[in-house]
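Worksheet for the structure shown next.
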Amino acid sequence: MDAASKIEQMAAQMTSRASATAEASAPAATASAPAAAPAAKPRPAQPTSPANDEIAKLRRDRDRYVAFAFCASDVLVELDSDGAVAAVAGAIAALVHADFKTLKGQHFLDLVDPRDRHRGDVLMQAFKAGKRGEPEVVRLIHHGEEGGSVPFSITGCWLSELGGHYFLAMRRAAAAAPKIARRKIESVVKSEPIGELLGTEEFTKRMADKLRRLKSDGEDGKLSLLKLDKLDALESRLDDSTRAELKNRITAILQEGAAEGALAGSFGEGRFGVVLDRDVHAKDISKRIAGMAQSVDPEGKGIEMKTAELDTRDTDLRDADAMNLLSYSINSFASGTEGGMTIDDLQNGLTEVMGRNGRLMKAVRRVIEDRRFQPHFQPIVHLASRSCSHYEALSRVTDAALELPPQEFILFCEQTSLIREFDLAMVRKNVDILDDLGRRGEHLRIAVNLSGPSLDDQAFRDELKGILATSDVPSELMLFEITESSALADPAQTNLYIQELRADGYKVCLDDFGAGAASLEYLRELEIDVVKIDGSYVRKSLKTEKGAVLFRSMVQMCKELELKTVAEMVEDEADVAFLTKTGVDYGQGWYFGKPAPEIPNYSMGSDRPVVARRRGEVESWG
């Protein structure tokens with residue numbers, strides 16, 4: 001018989017161990033006993049046989065293993081697969097003033113001091129995962145009149161072959177040592193996280209790839225979103241080392257439950273996402289994080305947890321639109337901005353969320369196909385001469401049934417892959433406008449925005465080239481602004497296409513410079529003509545000296561690279577004076593004119609701009 005079989009036999013007899021021990025240790029008659037006492041009747045000798053010899057050997061092995069266990073422990077506890085007490089042996093009554101009859105059937109965590117329940121839960125999770133680790137100090141509730149709790153150092157294991165039961169070995173600890181325990185939060189689970197959690201964009205991409213693979217293999221995936229309310233308040237109450245440790249432990253818990261060990265992301269402001277392994281549930285992760293957070297909080301308040309678990313069985317993610325809608329839902333939740341998807345929305349279920357977003361996608365696609373949008377034009381002015389250089393074409397949806405602000409409309413298009421269709425429709429509409437102006441003898445210049453995902457797509461590049469090749473619009477009358485609201489997948493490849501546009505006579509501008517982390521990388525990778533500095537930088541440069549220094553450095557860098565500069569959010573004459581002194585070439589903002597559905601001709605009065613009749617002047621980039 002192998003060791004596992006022996007252990008199984010011994011475990012089956014654990015419940016009778018106490019009575020067997022009592023019987024074995026009962027006082028026997030001796031020579032010094034009173035004469036009146038009856039002599040102990042000797043037990044008859046057991047007949048010798050191979051079967052009896054094997055039974056005797058098993059008993060000796062059992063007693064030997066139990067003796068070894070009690071050498072290191074005061075109490076042995078067996079829990080069933082649900083975590084309820086199934087058997088107890090040792091000095092439990094003396095230590096916590098409760099016998100087996102009182103404890104039987106109670107969940108182990110209900111016996112733990114509320115302050116330490118997260119550590120008890122972590123232990124059980126770790127044992128089930130096949131981990132043992134170092135003993136963890138956990139306080140058990142004292143059931144006597146004096147109340148309180150008793151600290152125990154606990155270790156153990158979980159055996160699937162024994163009905164999925166837990167076996168705990170507990171030894172009375174000198175003290176609960178809360179500071180030591182804090183330093184060891186979840187140490188039995190994972191001493192260190194695998195690495196940093198993924199950002200929103202990378203998480204969304206890997207999530208989509210993983211769920212597609214699962215679906216093609218005939219399997220289902222689970223996506224969980226978590227919102228840790230009051231996390232910022234908790235972090236403000238912690239010292240630097242505990243705050244860093246809290247972050248590491250949250251990361252470790254998420255990564256332990258994540259598929260492939262790393263499909264977990266942090267979206268900022270207490271928002272997280274994780275693609276779960278099949279046997280892991282969001283509520284378990286939530287409970288562990290909440291308990292751990294409460295344990296490190298000096299005020300014991302902890303955080304509030306909200307979770308949404310989205311089961312992909314509710315939709316067919318092999319459909320490209322469905323996957324795009326799921327990605328949009330994640331990005332909306334991650335944004336945390338007004339109008340974004342909240343955790344409460346997602347708790348309603350994937351079917352409802354996907355259905356609502358699916359209806360929105362159909363409405364947006366209809367707007368694009370039917371061209372139910374109107375370009376609005378805003379002047380971009382040469383600061384030195386105050387003459388209009390060109391107009392930026394900004395989209396405005398004219399469909400009254402689609403109530404989406406312009407920025408949200410563009411973001412929805414970008415995150416659902418409709419942006420390629422929209423960019424092409426916008427180019428066609430502006431080509432038509434320039435064609436019409438040309439037939440009337442008016443030659444104005446228009447800048448049209450192109451999104452990063454559009455330029456990453458070869459089919460889009462080919463179609464754009466075809467539109468431009470069949471148009472009669474001179475290339476010097478159309479410029480292209482590359483927006484940075486969505487990252488370029490391959491800047492080097494995009495640059496090759498940009499050079500084709502420039503070779504055909506089209507000027508190219510890098511929009512929103514400074515707003516995204518990739519700005520400098522794009523400036524290094526892309527050969528362009530103009531840089532448009534994001535309005536946030538302009539406003540900051542006017543408020544602080546530090547902002548002014550950074551802004552001047554940015555403008556000077558562009559000059560050295562022989563790039564023209566445009567500054568956004570120009571609001572008054574003081575802004576113009578500052579920008580001119582700094583060396584900025586062009587300005588754009590409400591001071592020069594708000595976006596309008598008709599292209600105005602711009603001219604400056606003595607002290608403020610006016611919108612004049614279109615005259616047809618054209619200002620080159622100089």
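How things are named: the first chain in the structure tokens is A, the next is B, and so on; residues count from 1 in each chain; ligands count from 1 in the order shown.
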Within 12 Å of stretch 109-124 of chain A, which residues of stretch 187-298 of chain A come that close, and what is the closest atom pair and distance in Å for each? Count only C-alpha atoms and give it as JSON lines.
{"residue": "A:Ser187", "atom": "CA", "partner": "A:Val122", "partner_atom": "CA", "distance": 9.1}
{"residue": "A:Val188", "atom": "CA", "partner": "A:Leu123", "partner_atom": "CA", "distance": 6.9}
{"residue": "A:Val189", "atom": "CA", "partner": "A:Val122", "partner_atom": "CA", "distance": 7.1}
{"residue": "A:Lys190", "atom": "CA", "partner": "A:Val122", "partner_atom": "CA", "distance": 10.5}
{"residue": "A:Arg249", "atom": "CA", "partner": "A:Val122", "partner_atom": "CA", "distance": 11.7}
{"residue": "A:Ile253", "atom": "CA", "partner": "A:Val122", "partner_atom": "CA", "distance": 9.7}
{"residue": "A:Glu256", "atom": "CA", "partner": "A:Val122", "partner_atom": "CA", "distance": 11.7}
{"residue": "A:Asp284", "atom": "CA", "partner": "A:Asp121", "partner_atom": "CA", "distance": 9.2}
{"residue": "A:Ile285", "atom": "CA", "partner": "A:Val122", "partner_atom": "CA", "distance": 10.1}
{"residue": "A:Ser286", "atom": "CA", "partner": "A:His118", "partner_atom": "CA", "distance": 10.9}
{"residue": "A:Lys287", "atom": "CA", "partner": "A:His118", "partner_atom": "CA", "distance": 7.8}
{"residue": "A:Arg288", "atom": "CA", "partner": "A:His118", "partner_atom": "CA", "distance": 5.8}
{"residue": "A:Ile289", "atom": "CA", "partner": "A:His118", "partner_atom": "CA", "distance": 8.2}
{"residue": "A:Ala290", "atom": "CA", "partner": "A:His118", "partner_atom": "CA", "distance": 8.1}
{"residue": "A:Gly291", "atom": "CA", "partner": "A:His118", "partner_atom": "CA", "distance": 4.7}
{"residue": "A:Met292", "atom": "CA", "partner": "A:His118", "partner_atom": "CA", "distance": 5.9}
{"residue": "A:Ala293", "atom": "CA", "partner": "A:His118", "partner_atom": "CA", "distance": 9.2}
{"residue": "A:Gln294", "atom": "CA", "partner": "A:Arg115", "partner_atom": "CA", "distance": 7.9}
{"residue": "A:Ser295", "atom": "CA", "partner": "A:Arg115", "partner_atom": "CA", "distance": 6.3}
{"residue": "A:Val296", "atom": "CA", "partner": "A:Arg115", "partner_atom": "CA", "distance": 9.9}
{"residue": "A:Asp297", "atom": "CA", "partner": "A:Arg115", "partner_atom": "CA", "distance": 10.7}
{"residue": "A:Pro298", "atom": "CA", "partner": "A:Arg115", "partner_atom": "CA", "distance": 11.7}
Now that the selection is made, can you save its residues with C-alpha atoms as a CSV table (one decimal), in the first residue's frame?
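And here's again39.csv as it stands now:
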chain,number,residue,atom,x,y,z
A,187,SER,CA,3.2,36.1,1.3
A,188,VAL,CA,1.9,32.6,1.2
A,189,VAL,CA,0.3,33.4,-2.1
A,190,LYS,CA,3.0,35.2,-4.0
A,249,ARG,CA,-0.3,42.9,-3.0
A,253,ILE,CA,-3.7,39.0,-6.1
A,256,GLU,CA,-2.6,35.1,-9.4
A,284,ASP,CA,-13.2,35.9,-4.3
A,285,ILE,CA,-10.6,38.3,-5.6
A,286,SER,CA,-12.7,41.2,-4.3
A,287,LYS,CA,-13.0,39.7,-0.9
A,288,ARG,CA,-9.3,39.1,-0.6
A,289,ILE,CA,-8.4,42.6,-1.7
A,290,ALA,CA,-11.0,44.2,0.6
A,291,GLY,CA,-9.8,42.2,3.6
A,292,MET,CA,-6.2,42.9,3.0
A,293,ALA,CA,-6.9,46.6,2.6
A,294,GLN,CA,-8.8,46.7,5.9
A,295,SER,CA,-5.9,45.0,7.7
A,296,VAL,CA,-3.4,47.7,6.7
A,297,ASP,CA,-5.7,50.6,7.3
A,298,PRO,CA,-4.7,52.2,10.7
Give the helix (DSSP H, G or I) residues of stretch 462-539 of chain A, as DSSP finds them on the backbone, and put them as an MDAnalysis selection string. chainID A and resid 462:469 475:477 491:503 519:525 535:539
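Comparing A:Thr102, A:Ser73, A:Leu228, A:Ala87 by their smallest distance to A:Gly156, the closest is A:Ser73 (using only C-alpha atoms).
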Selected residue of minimal separation from A:Leu444 among A:Lys465, A:Thr483, A:Ile380, A:Ile599, counting only C-alpha atoms: A:Ile599
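The shortest atom-to-atom distance to A:Phe333, with only C-alpha atoms taken into account, belongs to A:Gly270 out of A:Gly105, A:Gly593, A:Pro151, A:Gly270.
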Give the strand (DSSP E) residues of stretch 69-280 of chain A, as assigned by DSSP on the backbone, as an MDAnalysis selection string. chainID A and resid 75:79 85:90 136:141 149:159 165:172 222:229 264:268 271:276
Residues near stretch 578-585 of chain A, anyone? I mean within 8 Å using only C-alpha atoms, not counting same-chain ones fewer than 4 positions away, as a PyMOL selection string. chain A and resi 382-384+552+555-556+564-567+574
Export of prior selection with N, CA, C and O atoms as a PDB file, in the first residue's frame:
ATOM      1  N   HIS A 382      -1.719  83.142 -39.182  1.00  0.00           N
ATOM      2  CA  HIS A 382      -0.280  83.457 -39.127  1.00  0.00           C
ATOM      3  C   HIS A 382      -0.111  84.630 -38.165  1.00  0.00           C
ATOM      4  O   HIS A 382      -0.621  85.735 -38.418  1.00  0.00           O
ATOM      5  N   LEU A 383       0.590  84.419 -37.058  1.00  0.00           N
ATOM      6  CA  LEU A 383       0.609  85.405 -35.973  1.00  0.00           C
ATOM      7  C   LEU A 383       1.307  86.697 -36.366  1.00  0.00           C
ATOM      8  O   LEU A 383       0.887  87.785 -35.939  1.00  0.00           O
ATOM      9  N   ALA A 384       2.359  86.633 -37.144  1.00  0.00           N
ATOM     10  CA  ALA A 384       3.119  87.835 -37.489  1.00  0.00           C
ATOM     11  C   ALA A 384       2.309  88.765 -38.390  1.00  0.00           C
ATOM     12  O   ALA A 384       2.292  89.983 -38.202  1.00  0.00           O
ATOM     13  N   ARG A 552       8.568  77.156 -24.075  1.00  0.00           N
ATOM     14  CA  ARG A 552       9.617  77.762 -24.903  1.00  0.00           C
ATOM     15  C   ARG A 552      10.588  76.701 -25.412  1.00  0.00           C
ATOM     16  O   ARG A 552      11.051  76.755 -26.559  1.00  0.00           O
ATOM     17  N   VAL A 555       8.970  74.869 -28.328  1.00  0.00           N
ATOM     18  CA  VAL A 555       8.977  75.667 -29.556  1.00  0.00           C
ATOM     19  C   VAL A 555      10.373  75.730 -30.150  1.00  0.00           C
ATOM     20  O   VAL A 555      10.568  75.595 -31.365  1.00  0.00           O
ATOM     21  N   GLN A 556      11.378  75.918 -29.299  1.00  0.00           N
ATOM     22  CA  GLN A 556      12.759  75.995 -29.768  1.00  0.00           C
ATOM     23  C   GLN A 556      13.192  74.686 -30.413  1.00  0.00           C
ATOM     24  O   GLN A 556      13.883  74.678 -31.445  1.00  0.00           O
ATOM     25  N   LYS A 564       7.318  74.069 -38.582  1.00  0.00           N
ATOM     26  CA  LYS A 564       6.441  75.165 -38.235  1.00  0.00           C
ATOM     27  C   LYS A 564       5.598  74.762 -37.017  1.00  0.00           C
ATOM     28  O   LYS A 564       5.317  73.569 -36.800  1.00  0.00           O
ATOM     29  N   THR A 565       5.172  75.761 -36.229  1.00  0.00           N
ATOM     30  CA  THR A 565       4.401  75.476 -35.017  1.00  0.00           C
ATOM     31  C   THR A 565       3.060  76.198 -35.034  1.00  0.00           C
ATOM     32  O   THR A 565       2.949  77.337 -35.496  1.00  0.00           O
ATOM     33  N   VAL A 566       2.039  75.502 -34.501  1.00  0.00           N
ATOM     34  CA  VAL A 566       0.710  76.066 -34.298  1.00  0.00           C
ATOM     35  C   VAL A 566       0.375  75.906 -32.821  1.00  0.00           C
ATOM     36  O   VAL A 566       0.588  74.830 -32.240  1.00  0.00           O
ATOM     37  N   ALA A 567      -0.156  76.960 -32.190  1.00  0.00           N
ATOM     38  CA  ALA A 567      -0.580  76.886 -30.793  1.00  0.00           C
ATOM     39  C   ALA A 567      -2.098  76.945 -30.731  1.00  0.00           C
ATOM     40  O   ALA A 567      -2.728  77.797 -31.364  1.00  0.00           O
ATOM     41  N   ALA A 574      -3.248  89.121 -25.240  1.00  0.00           N
ATOM     42  CA  ALA A 574      -2.087  88.800 -24.402  1.00  0.00           C
ATOM     43  C   ALA A 574      -1.495  87.445 -24.795  1.00  0.00           C
ATOM     44  O   ALA A 574      -0.269  87.267 -24.797  1.00  0.00           O
TER      45      ALA A 574
END
